[in-house]
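Source file: coords-v3.cif. Holds: mmCIF, C-alpha atoms.
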```
data_structure
loop_
_atom_site.label_atom_id
_atom_site.label_comp_id
_atom_site.auth_asym_id
_atom_site.auth_seq_id
_atom_site.Cartn_x
_atom_site.Cartn_y
_atom_site.Cartn_z
CA MET G 1 13.49 -26.88 -7.06
CA VAL G 2 11.62 -27.11 -10.35
CA VAL G 3 8.84 -24.96 -11.71
CA PRO G 4 5.90 -27.23 -12.53
CA PHE G 5 3.83 -26.66 -15.63
CA PHE G 6 5.52 -23.49 -16.82
CA ILE G 7 6.40 -23.44 -20.53
CA PRO G 8 6.90 -19.82 -21.59
CA LYS G 9 7.43 -19.66 -25.36
CA THR G 10 9.87 -22.40 -26.28
CA MET G 11 11.22 -23.23 -22.84
CA ALA G 12 11.24 -26.97 -22.19
CA LEU G 13 8.94 -28.31 -19.47
CA LYS G 14 10.80 -29.20 -16.30
CA THR G 15 8.88 -31.15 -13.74
CA ASN G 16 9.29 -33.35 -10.71
CA ALA G 17 8.01 -36.81 -11.62
CA LEU G 18 6.68 -37.43 -8.14
CA LEU G 19 4.51 -34.34 -8.42
CA LEU G 20 3.49 -34.94 -12.01
CA VAL G 21 2.30 -38.54 -11.58
CA PRO G 22 -0.65 -37.76 -9.28
CA LEU G 23 -1.66 -34.85 -11.48
CA ILE G 24 -1.68 -37.02 -14.61
CA GLY G 25 -3.55 -39.71 -12.72
CA GLY G 26 -6.11 -37.20 -11.58
CA ALA G 27 -6.41 -35.78 -15.08
CA LEU G 28 -7.01 -39.19 -16.63
CA ALA G 29 -9.48 -40.17 -13.94
CA TYR G 30 -11.45 -36.93 -14.11
CA ARG G 31 -11.24 -35.97 -17.76
CA ALA G 32 -14.85 -36.96 -18.24
CA VAL G 33 -15.94 -34.85 -15.27
CA ARG G 34 -17.84 -31.74 -16.22
CA ALA G 35 -18.39 -28.77 -13.97
CA ALA G 36 -21.74 -28.56 -12.27
CA PRO G 37 -24.05 -26.22 -14.18
CA PRO G 38 -24.38 -22.74 -12.66
CA LYS G 39 -27.21 -22.30 -10.19
CA PRO G 40 -29.82 -19.62 -10.93
CA PRO G 41 -28.97 -16.52 -8.89
CA VAL G 42 -31.32 -14.85 -6.45
CA ILE G 43 -32.04 -11.46 -8.05
CA THR G 44 -32.02 -8.43 -5.76
CA SER G 45 -30.39 -5.74 -7.91
CA ALA G 46 -30.92 -3.78 -11.08
CA ARG G 47 -29.83 -5.64 -14.22
CA ILE G 48 -29.56 -4.90 -17.91
CA ARG G 49 -30.30 -7.39 -20.67
CA LEU G 50 -27.54 -7.88 -23.23
CA ARG G 51 -28.15 -8.53 -26.91
CA ASP G 52 -27.44 -12.24 -26.48
CA GLY G 53 -30.04 -12.56 -23.74
CA ARG G 54 -27.67 -12.58 -20.76
CA HIS G 55 -28.09 -10.13 -17.90
CA LEU G 56 -25.53 -8.02 -16.04
CA ALA G 57 -26.27 -6.87 -12.49
CA TYR G 58 -24.97 -3.45 -11.55
CA LYS G 59 -24.66 -0.97 -8.68
CA GLU G 60 -24.31 2.80 -8.89
CA PHE G 61 -22.29 5.22 -6.75
CA GLY G 62 -21.59 8.94 -6.65
CA VAL G 63 -23.60 11.71 -8.26
CA PRO G 64 -26.55 10.91 -10.55
CA LYS G 65 -25.27 10.08 -14.01
CA GLU G 66 -27.42 12.84 -15.51
CA LEU G 67 -25.40 15.39 -13.50
CA ALA G 68 -21.99 13.72 -13.67
CA LYS G 69 -19.00 15.32 -15.35
CA ASN G 70 -17.07 12.04 -15.16
CA LYS G 71 -18.65 8.63 -15.73
CA ILE G 72 -16.72 5.52 -14.68
CA VAL G 73 -17.27 1.81 -15.24
CA PHE G 74 -15.55 -0.26 -12.54
CA MET G 75 -14.60 -3.94 -12.83
CA HIS G 76 -14.14 -5.97 -9.65
CA GLY G 77 -11.47 -8.55 -8.91
CA PHE G 78 -11.30 -12.32 -8.44
CA ALA G 79 -13.94 -13.92 -6.19
CA SER G 80 -15.65 -10.55 -5.74
CA SER G 81 -18.74 -8.71 -6.93
CA ARG G 82 -20.29 -5.35 -7.76
CA HIS G 83 -20.36 -4.59 -4.04
CA ASP G 84 -16.56 -4.70 -3.88
CA THR G 85 -16.00 -1.22 -5.23
CA ALA G 86 -13.42 0.22 -2.86
CA ILE G 87 -12.72 3.08 -5.26
CA ALA G 88 -16.20 4.36 -4.34
CA ASP G 89 -16.82 2.85 -0.90
CA ILE G 90 -13.50 3.50 0.82
CA LEU G 91 -13.16 7.18 0.16
CA ARG G 92 -13.24 10.42 2.08
CA PRO G 93 -16.83 11.75 2.18
CA GLY G 94 -17.59 14.23 -0.56
CA VAL G 95 -14.82 13.27 -2.99
CA LEU G 96 -17.12 11.82 -5.65
CA GLU G 97 -19.36 14.87 -5.43
CA GLU G 98 -16.35 17.20 -5.69
CA LEU G 99 -15.14 15.36 -8.78
CA GLY G 100 -18.62 15.17 -10.28
CA ALA G 101 -18.08 11.42 -10.55
CA TYR G 102 -20.61 8.69 -11.24
CA ILE G 103 -19.40 5.10 -10.86
CA VAL G 104 -21.18 1.96 -11.99
CA SER G 105 -19.82 -1.39 -10.87
CA PHE G 106 -21.18 -4.63 -12.29
CA ASP G 107 -20.96 -8.32 -11.51
CA ARG G 108 -18.67 -9.77 -14.13
CA PRO G 109 -20.29 -12.77 -15.90
CA GLY G 110 -20.89 -15.72 -13.58
CA TYR G 111 -20.44 -13.69 -10.40
CA GLY G 112 -23.19 -12.47 -8.08
CA GLU G 113 -26.34 -11.86 -10.08
CA SER G 114 -24.88 -11.65 -13.60
CA ASP G 115 -25.54 -14.53 -15.95
CA PRO G 116 -22.53 -16.68 -16.86
CA ASP G 117 -20.81 -16.55 -20.22
CA PRO G 118 -19.17 -19.91 -20.98
CA ASN G 119 -17.64 -18.34 -24.09
CA ARG G 120 -16.14 -15.40 -22.22
CA THR G 121 -12.94 -13.86 -23.60
CA PRO G 122 -11.22 -10.50 -23.07
CA LYS G 123 -12.99 -9.37 -26.26
CA SER G 124 -16.48 -10.48 -25.24
CA LEU G 125 -16.16 -8.77 -21.86
CA ALA G 126 -15.08 -5.53 -23.53
CA PHE G 127 -18.26 -5.57 -25.61
CA ASP G 128 -20.31 -6.39 -22.50
CA VAL G 129 -18.92 -3.22 -20.91
CA GLU G 130 -19.71 -1.19 -24.01
CA GLU G 131 -23.27 -2.49 -24.04
CA LEU G 132 -23.66 -1.77 -20.31
CA ALA G 133 -22.54 1.81 -20.91
CA ASP G 134 -24.99 2.20 -23.78
CA LYS G 135 -27.91 0.69 -21.87
CA LEU G 136 -27.23 3.10 -19.00
CA GLN G 137 -26.81 6.00 -21.44
CA LEU G 138 -23.35 6.99 -20.25
CA GLY G 139 -22.61 8.83 -23.46
CA PRO G 140 -20.00 8.36 -26.18
CA LYS G 141 -17.04 8.11 -23.77
CA PHE G 142 -16.49 6.88 -20.23
CA TYR G 143 -13.60 5.98 -17.95
CA ALA G 144 -12.71 2.36 -17.17
CA ILE G 145 -11.16 1.34 -13.86
CA GLY G 146 -10.44 -2.25 -12.85
CA TYR G 147 -8.84 -3.95 -9.87
CA SER G 148 -6.76 -7.15 -9.92
CA MET G 149 -8.52 -9.59 -12.31
CA GLY G 150 -10.82 -6.71 -13.21
CA GLY G 151 -7.74 -4.63 -13.88
CA GLN G 152 -6.53 -7.26 -16.32
CA ALA G 153 -9.88 -6.96 -18.12
CA VAL G 154 -9.13 -3.30 -18.86
CA TRP G 155 -6.56 -4.48 -21.44
CA GLY G 156 -9.46 -5.88 -23.47
CA LEU G 157 -11.21 -2.50 -23.45
CA LEU G 158 -8.01 -0.76 -24.55
CA LYS G 159 -7.70 -3.24 -27.40
CA TYR G 160 -11.29 -3.53 -28.63
CA ILE G 161 -13.17 -0.35 -27.64
CA PRO G 162 -10.52 2.39 -27.22
CA HIS G 163 -12.79 4.83 -29.07
CA ARG G 164 -15.26 4.62 -26.17
CA LEU G 165 -12.74 5.44 -23.45
CA ALA G 166 -12.02 8.84 -21.93
CA GLY G 167 -9.21 7.25 -19.91
CA ALA G 168 -8.37 4.04 -18.04
CA THR G 169 -6.84 2.92 -14.76
CA LEU G 170 -5.49 -0.54 -14.04
CA MET G 171 -5.11 -1.21 -10.30
CA THR G 172 -2.59 -4.03 -9.73
CA PRO G 173 -3.89 -5.88 -12.82
CA VAL G 174 -3.29 -9.63 -12.93
CA THR G 175 -0.57 -10.50 -15.44
CA ASN G 176 -0.54 -13.49 -17.76
CA TYR G 177 2.85 -15.23 -17.65
CA TRP G 178 2.39 -16.38 -21.25
CA TRP G 179 2.06 -12.96 -22.86
CA SER G 180 4.70 -12.99 -25.58
CA GLY G 181 5.86 -9.47 -24.75
CA PHE G 182 7.50 -10.65 -21.54
CA PRO G 183 11.06 -12.00 -21.83
CA SER G 184 10.99 -15.72 -21.13
CA LYS G 185 13.54 -15.47 -18.33
CA LEU G 186 11.53 -12.75 -16.58
CA SER G 187 8.26 -14.69 -16.87
CA LYS G 188 9.87 -17.82 -15.47
CA MET G 189 11.38 -15.90 -12.55
CA ALA G 190 8.06 -14.25 -11.68
CA TYR G 191 6.17 -17.53 -12.03
CA SER G 192 8.57 -19.31 -9.69
CA LYS G 193 8.06 -16.73 -6.96
CA GLN G 194 4.43 -17.73 -6.52
CA PRO G 195 3.49 -20.20 -3.78
CA ARG G 196 3.74 -23.73 -5.17
CA GLN G 197 -0.03 -24.19 -5.00
CA ASP G 198 -0.53 -21.16 -7.26
CA GLN G 199 2.08 -22.37 -9.72
CA TRP G 200 0.00 -25.51 -10.12
CA ALA G 201 -3.35 -23.68 -10.27
CA VAL G 202 -2.13 -21.25 -12.92
CA GLY G 203 -0.40 -24.03 -14.87
CA VAL G 204 -3.54 -26.15 -14.93
CA ALA G 205 -5.63 -23.19 -16.12
CA HIS G 206 -3.20 -22.54 -18.97
CA HIS G 207 -2.27 -26.04 -20.10
CA LEU G 208 -5.30 -28.10 -19.03
CA PRO G 209 -8.24 -25.68 -18.93
CA TRP G 210 -10.74 -28.55 -19.04
CA LEU G 211 -9.36 -29.69 -15.67
CA THR G 212 -9.58 -26.29 -14.00
CA TYR G 213 -12.92 -26.85 -12.26
CA TRP G 214 -11.74 -30.12 -10.76
CA TRP G 215 -8.42 -28.61 -9.70
CA MET G 216 -10.03 -25.58 -8.09
CA THR G 217 -12.58 -27.65 -6.15
CA GLN G 218 -10.67 -30.87 -5.31
CA LYS G 219 -9.34 -31.53 -1.81
CA TRP G 220 -6.35 -33.75 -2.63
CA PHE G 221 -3.85 -30.95 -3.26
CA PRO G 222 -3.65 -27.33 -2.11
CA GLY G 223 -5.66 -25.15 -4.48
CA SER G 224 -5.63 -21.41 -5.20
CA SER G 225 -4.08 -19.33 -2.42
CA VAL G 226 -6.84 -16.73 -2.81
CA LEU G 227 -9.68 -19.22 -2.39
CA SER G 228 -7.94 -21.00 0.46
CA GLN G 229 -7.13 -17.62 2.08
CA ASN G 230 -3.45 -18.44 2.38
CA PRO G 231 -1.83 -15.55 4.30
CA ALA G 232 1.47 -16.18 2.49
CA ILE G 233 0.19 -14.10 -0.45
CA LEU G 234 -0.40 -11.04 1.72
CA SER G 235 2.11 -8.37 2.66
CA GLN G 236 2.34 -6.95 6.15
CA GLN G 237 0.39 -3.90 5.03
CA ASP G 238 -2.25 -6.13 3.42
CA LEU G 239 -2.79 -7.99 6.69
CA SER G 240 -3.09 -4.81 8.69
CA LEU G 241 -5.56 -3.33 6.20
CA LEU G 242 -7.76 -6.42 6.13
CA PHE G 243 -8.22 -6.26 9.89
CA SER G 244 -8.65 -2.51 10.01
CA PRO G 245 -11.92 -1.19 11.49
CA ASN G 246 -12.12 1.18 8.52
CA VAL G 247 -12.79 -1.69 6.10
CA PRO G 248 -16.55 -2.14 5.64
CA PRO G 249 -18.07 -5.57 6.37
CA ARG G 250 -19.10 -7.90 3.53
CA PRO G 251 -22.62 -9.13 4.40
CA TYR G 252 -23.07 -10.05 0.73
CA GLN G 253 -20.14 -12.49 0.68
CA SER G 254 -22.36 -15.54 0.27
CA GLN G 255 -23.84 -14.02 -2.90
CA VAL G 256 -20.51 -13.69 -4.72
CA LEU G 257 -20.27 -17.36 -5.73
CA GLN G 258 -23.96 -18.20 -5.40
CA GLN G 259 -23.97 -19.58 -8.97
CA GLY G 260 -21.02 -21.87 -8.24
CA GLU G 261 -17.33 -21.81 -9.10
CA SER G 262 -17.35 -23.06 -12.69
CA GLU G 263 -18.32 -19.83 -14.49
CA SER G 264 -16.92 -17.40 -11.92
CA VAL G 265 -13.51 -18.13 -10.41
CA CYS G 266 -12.73 -21.04 -12.74
CA ARG G 267 -13.64 -19.05 -15.84
CA ASP G 268 -11.51 -16.19 -14.51
CA MET G 269 -8.53 -18.54 -14.28
CA ILE G 270 -9.07 -19.97 -17.76
CA VAL G 271 -9.48 -16.56 -19.37
CA GLY G 272 -6.88 -14.75 -17.31
CA PHE G 273 -4.10 -17.29 -17.85
CA GLY G 274 -5.15 -18.76 -21.18
CA ASN G 275 -3.97 -17.99 -24.69
CA TRP G 276 -5.10 -14.50 -25.69
CA ASP G 277 -5.72 -13.37 -29.25
CA PHE G 278 -3.66 -10.25 -28.57
CA ASP G 279 -0.74 -9.17 -26.45
CA PRO G 280 -0.98 -5.97 -24.36
CA PHE G 281 2.46 -4.97 -25.62
CA GLU G 282 1.06 -4.84 -29.15
CA ILE G 283 -1.86 -2.50 -28.38
CA GLU G 284 -1.56 0.81 -30.16
CA ASN G 285 -1.67 3.99 -28.13
CA PRO G 286 -5.42 4.49 -27.47
CA PHE G 287 -4.88 8.24 -27.04
CA PRO G 288 -2.42 9.29 -29.77
CA ASN G 289 -3.40 12.95 -29.42
CA ASN G 290 -3.10 12.94 -25.61
CA GLU G 291 -6.87 13.19 -25.28
CA GLY G 292 -6.77 10.64 -22.45
CA GLN G 293 -4.39 8.77 -20.18
CA VAL G 294 -3.84 5.18 -19.07
CA HIS G 295 -2.54 4.68 -15.54
CA LEU G 296 -1.24 1.50 -13.93
CA TRP G 297 -0.93 1.36 -10.13
CA GLN G 298 1.08 -1.34 -8.39
CA GLY G 299 2.09 -2.09 -4.81
CA GLU G 300 5.84 -2.45 -4.37
CA GLU G 301 5.40 -5.44 -2.04
CA ASP G 302 2.54 -7.16 -3.85
CA LYS G 303 2.94 -10.92 -3.33
CA LEU G 304 0.00 -11.87 -5.53
CA VAL G 305 0.73 -9.99 -8.76
CA PRO G 306 4.48 -9.80 -9.54
CA THR G 307 5.79 -6.27 -9.32
CA MET G 308 8.69 -7.16 -11.62
CA LEU G 309 6.24 -7.83 -14.46
CA GLN G 310 4.34 -4.60 -13.87
CA ARG G 311 7.59 -2.64 -13.91
CA TYR G 312 8.44 -4.21 -17.24
CA ILE G 313 5.05 -3.16 -18.60
CA GLY G 314 5.60 0.37 -17.33
CA GLN G 315 9.02 0.53 -18.93
CA ASN G 316 8.06 -0.96 -22.29
CA ILE G 317 4.61 0.39 -23.11
CA PRO G 318 5.33 4.09 -23.62
CA TRP G 319 1.75 5.30 -23.22
CA ILE G 320 1.32 3.64 -19.80
CA LYS G 321 1.80 5.97 -16.84
CA TYR G 322 3.20 3.69 -14.14
CA HIS G 323 2.77 4.40 -10.42
CA GLU G 324 4.42 2.18 -7.80
CA LEU G 325 3.33 2.53 -4.19
CA PRO G 326 6.23 2.01 -1.74
CA GLY G 327 5.46 -0.44 1.05
CA SER G 328 2.07 -1.41 -0.38
CA GLY G 329 0.85 -4.87 -1.31
CA HIS G 330 -2.18 -6.06 -3.25
CA MET G 331 -4.77 -4.50 -0.95
CA PHE G 332 -3.88 -0.83 -1.37
CA PRO G 333 -7.45 0.00 -2.53
CA LEU G 334 -8.44 -0.46 1.11
CA MET G 335 -6.78 2.91 1.80
CA ALA G 336 -9.04 5.91 1.28
CA GLU G 337 -6.18 8.29 0.55
CA VAL G 338 -4.86 6.02 -2.21
CA ASN G 339 -8.29 5.74 -3.83
CA GLU G 340 -8.63 9.51 -3.80
CA ALA G 341 -5.19 9.91 -5.38
CA ILE G 342 -6.09 7.37 -8.09
CA LEU G 343 -9.34 9.13 -8.95
CA ARG G 344 -7.79 12.59 -8.93
CA THR G 345 -4.86 11.44 -11.04
CA GLN G 346 -7.22 10.01 -13.65
CA LEU G 347 -9.90 12.68 -13.66
CA GLU G 348 -8.16 15.93 -12.81
CA ARG G 349 -5.09 15.47 -14.98
CA GLU G 350 -7.34 14.86 -17.97
CA LYS G 351 -8.44 18.48 -17.62
CA GLU G 352 -4.92 19.94 -17.47
#
```

Give the structure from the file, written as structure tokens.
Amino acid sequence: MVVPFFIPKTMALKTNALLLVPLIGGALAYRAVRAAPPKPPVITSARIRLRDGRHLAYKEFGVPKELAKNKIVFMHGFASSRHDTAIADILRPGVLEELGAYIVSFDRPGYGESDPDPNRTPKSLAFDVEELADKLQLGPKFYAIGYSMGGQAVWGLLKYIPHRLAGATLMTPVTNYWWSGFPSKLSKMAYSKQPRQDQWAVGVAHHLPWLTYWWMTQKWFPGSSVLSQNPAILSQQDLSLLFSPNVPPRPYQSQVLQQGESESVCRDMIVGFGNWDFDPFEIENPFPNNEGQVHLWQGEEDKLVPTMLQRYIGQNIPWIKYHELPGSGHMFPLMAEVNEAILRTQLEREKE
């Protein structure tokens, strides 16, 4: 069994010719295809206007920000929106009030009601977050929490605006197999453990980003496991949590991709698995005087984001405080007790 499209560092490309031929044919036939332009969103929420004219839609939770002791900016995951803020929604009543916590969640560019950013990078998103915090008058420092693809975005904040952070939490953040800090053998092993359809989707996003929209929307080959809702990427606990009566309904689901796929899920793939201008392993300690903490939470049985890569991060970035949840998969934020532990770990330990 070969690993299609994976070339970490200097490793030679190994591929099955029978699988590669249709891909090359499709690439040649569709190279001229351009993604459909984003559709104008229906606006129902509060938005801020950024300096470049784009807008970010946001939603607030917890105590009023004027009274809050702790102010948090939350970043949602892949194919989600500002409404998907489990850290605030799936929580024992009264916890946010007890912690004096205000949380603002926003639609990342291209999702929900936020304008797209065709030039989005980890750096540009970090500055979007900073501008959101300033427009909402959150003060000189705030906490950043992100889940999955939103968790990956926290690395950009740690790199580009560490002076604005009081602390940060990455909840099962998506890893990029091409980060140079990962040993090539480890990256290859983790990559090969994905379902075949995700190996192709990630490989296309990295090597042929111009083909990503076609790949993510075509019907000839299996696409992303997340978009196709392939249960193979879910652990037993994930499945039980998704069908739990405690999980709130998602009446807003149709709004998540209302602008189309090109500047939402496709842009996420291109940015998340593309070539970054920094490597998380090279980020300097954002809190050299222990004035804040960075926590990374990972499910032991996560089938979507490789636990082996998160463990390596935890072992090799000394300022990361790594927490692995036994028996949990990717959906652990659907557990109220875990969300409370994450918030208390971030907010209460800062005061110790």

I'd like the residues picked by the PyMOL selection byres ((chain G and resi 182) around 10) written out as a list in words, using the chain letters and numbers from the file. Pro8, Lys9, Asn176, Tyr177, Trp178, Trp179, Ser180, Gly181, Pro183, Ser184, Lys185, Leu186, Ser187, Lys188, Asp279, Phe281, Leu309, Tyr312, Ile313 and Asn316 of chain G

Sorted per-residue table, stretch 254-341 of chain G near stretch 194-209 of chain G, closest atoms and distance, 10 Å, all atoms listed in the file, as a tab-separated table:
```
residue	atom	partner	partner_atom	distance
G:Cys266	CA	G:Ala205	CA	8.2
G:Arg267	CA	G:Ala205	CA	9.0
G:Asp268	CA	G:Ala205	CA	9.3
G:Met269	CA	G:Ala205	CA	5.8
G:Ile270	CA	G:Ala205	CA	5.0
G:Val271	CA	G:Ala205	CA	8.3
G:Gly272	CA	G:Ala205	CA	8.6
G:Phe273	CA	G:His206	CA	5.4
G:Gly274	CA	G:His206	CA	4.8
G:Asn275	CA	G:His206	CA	7.3
G:Lys303	CA	G:Gln194	CA	7.7
G:Leu304	CA	G:Gln194	CA	7.4
G:Val305	CA	G:Gln194	CA	8.9
G:Pro306	CA	G:Gln194	CA	8.5
```

Taking (-3.9, 2.4, -31.6) in the file's coordinates as the center, which residues reach within 9 Å of it, counting all atoms listed in the file, put as an mmCIF file with C-alpha atoms, in the coordinates of the input?
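out_20.cif, freshly written:
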```cif
data_model
loop_
_atom_site.group_PDB
_atom_site.id
_atom_site.type_symbol
_atom_site.label_atom_id
_atom_site.label_comp_id
_atom_site.auth_asym_id
_atom_site.auth_seq_id
_atom_site.Cartn_x
_atom_site.Cartn_y
_atom_site.Cartn_z
ATOM 1 C CA LEU G 158 -8.010 -0.760 -24.550
ATOM 2 C CA LYS G 159 -7.700 -3.240 -27.400
ATOM 3 C CA PRO G 162 -10.520 2.390 -27.220
ATOM 4 C CA ILE G 283 -1.860 -2.500 -28.380
ATOM 5 C CA GLU G 284 -1.560 0.810 -30.160
ATOM 6 C CA ASN G 285 -1.670 3.990 -28.130
ATOM 7 C CA PRO G 286 -5.420 4.490 -27.470
ATOM 8 C CA PHE G 287 -4.880 8.240 -27.040
ATOM 9 C CA PRO G 288 -2.420 9.290 -29.770
#
```

Name the residues that the PyMOL selection byres ((chain G and resi 327) around 8) pulls out of this structure, and write them as a PyMOL selection string. chain G and resi 237+299-301+325-326+328-329

Could you tell me, as JSON, numbers by chain, exactly which residues end up selected when the PyMOL selection byres ((chain G and resi 322) around 8) is applied to this structure? {"G": [295, 296, 297, 298, 311, 314, 320, 321, 323, 324]}

Report, in Å with one decimal, the straight-line distance from atom CA of G:Arg120 to atom CA of G:Ser264.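 For atom CA of G:Arg120 relative to atom CA of G:Ser264, the distance reads 10.5 Å.
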
Report, in Å with one decimal, the straight-line distance from atom CA of G:Val63 to atom CA of G:Gly100.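 It comes out at 6.4 Å.
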
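We find atom CA of G:Gly292 and atom CA of G:Thr121 to be spaced 25.3 Å apart.
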
Give me the residues near stretch 134-137 of chain G as a list of chain:residue names, where near means some atom within 9 Å (using all atoms listed in the file) and where sequence neighbours in that chain fewer than 5 positions away do not count.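 After dropping sequence-adjacent residues, the list is G:Ile48, G:Arg49, G:Leu50, G:Lys65, G:Val129.
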
G:Leu257 environment, 12 Å, only C-alpha atoms, sequence neighbours closer than 2 positions dropped, as a count of residues only: 32

Of the candidates G:Thr217, G:Thr44, G:Asn70, G:Asn289, which shows the shortest atom-to-atom distance to G:Tyr143, using all atoms listed in the file? G:Asn70

Closest of G:Trp215, G:Leu343, G:Pro245, G:Trp319 to G:Glu282 - atom-to-atom distances counting only C-alpha atoms: G:Trp319

Considering only C-alpha atoms, state which residue in the set G:His330, G:Lys193, G:Arg164, G:His76 is at the smallest distance from G:Asp238. G:His330

Could you check which of G:Arg82, G:Tyr147, G:Ala168, G:Thr175 is closest to G:Glu291, using all atoms listed in the file?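 Comparing G:Arg82, G:Tyr147, G:Ala168, G:Thr175 against G:Glu291, the winner is G:Ala168.
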
Which neighbours of stretch 149-152 of chain G fall inside 6 Å, counting all atoms listed in the file, when residues of the same chain fewer than 3 positions from it are skipped, and could you give them as JSON, numbers by chain? {"G": [75, 76, 77, 78, 146, 155, 170, 171, 173, 174]}

Residue nearest G:Arg47 among G:Gln236, G:Ser105, G:Gln229, G:Ser148 (counting only C-alpha atoms): G:Ser105

Could you tell me which of G:Thr85, G:Ser228, G:Asn119, G:Thr172 comes closest to G:Met308 if we count all atoms listed in the file? G:Thr172
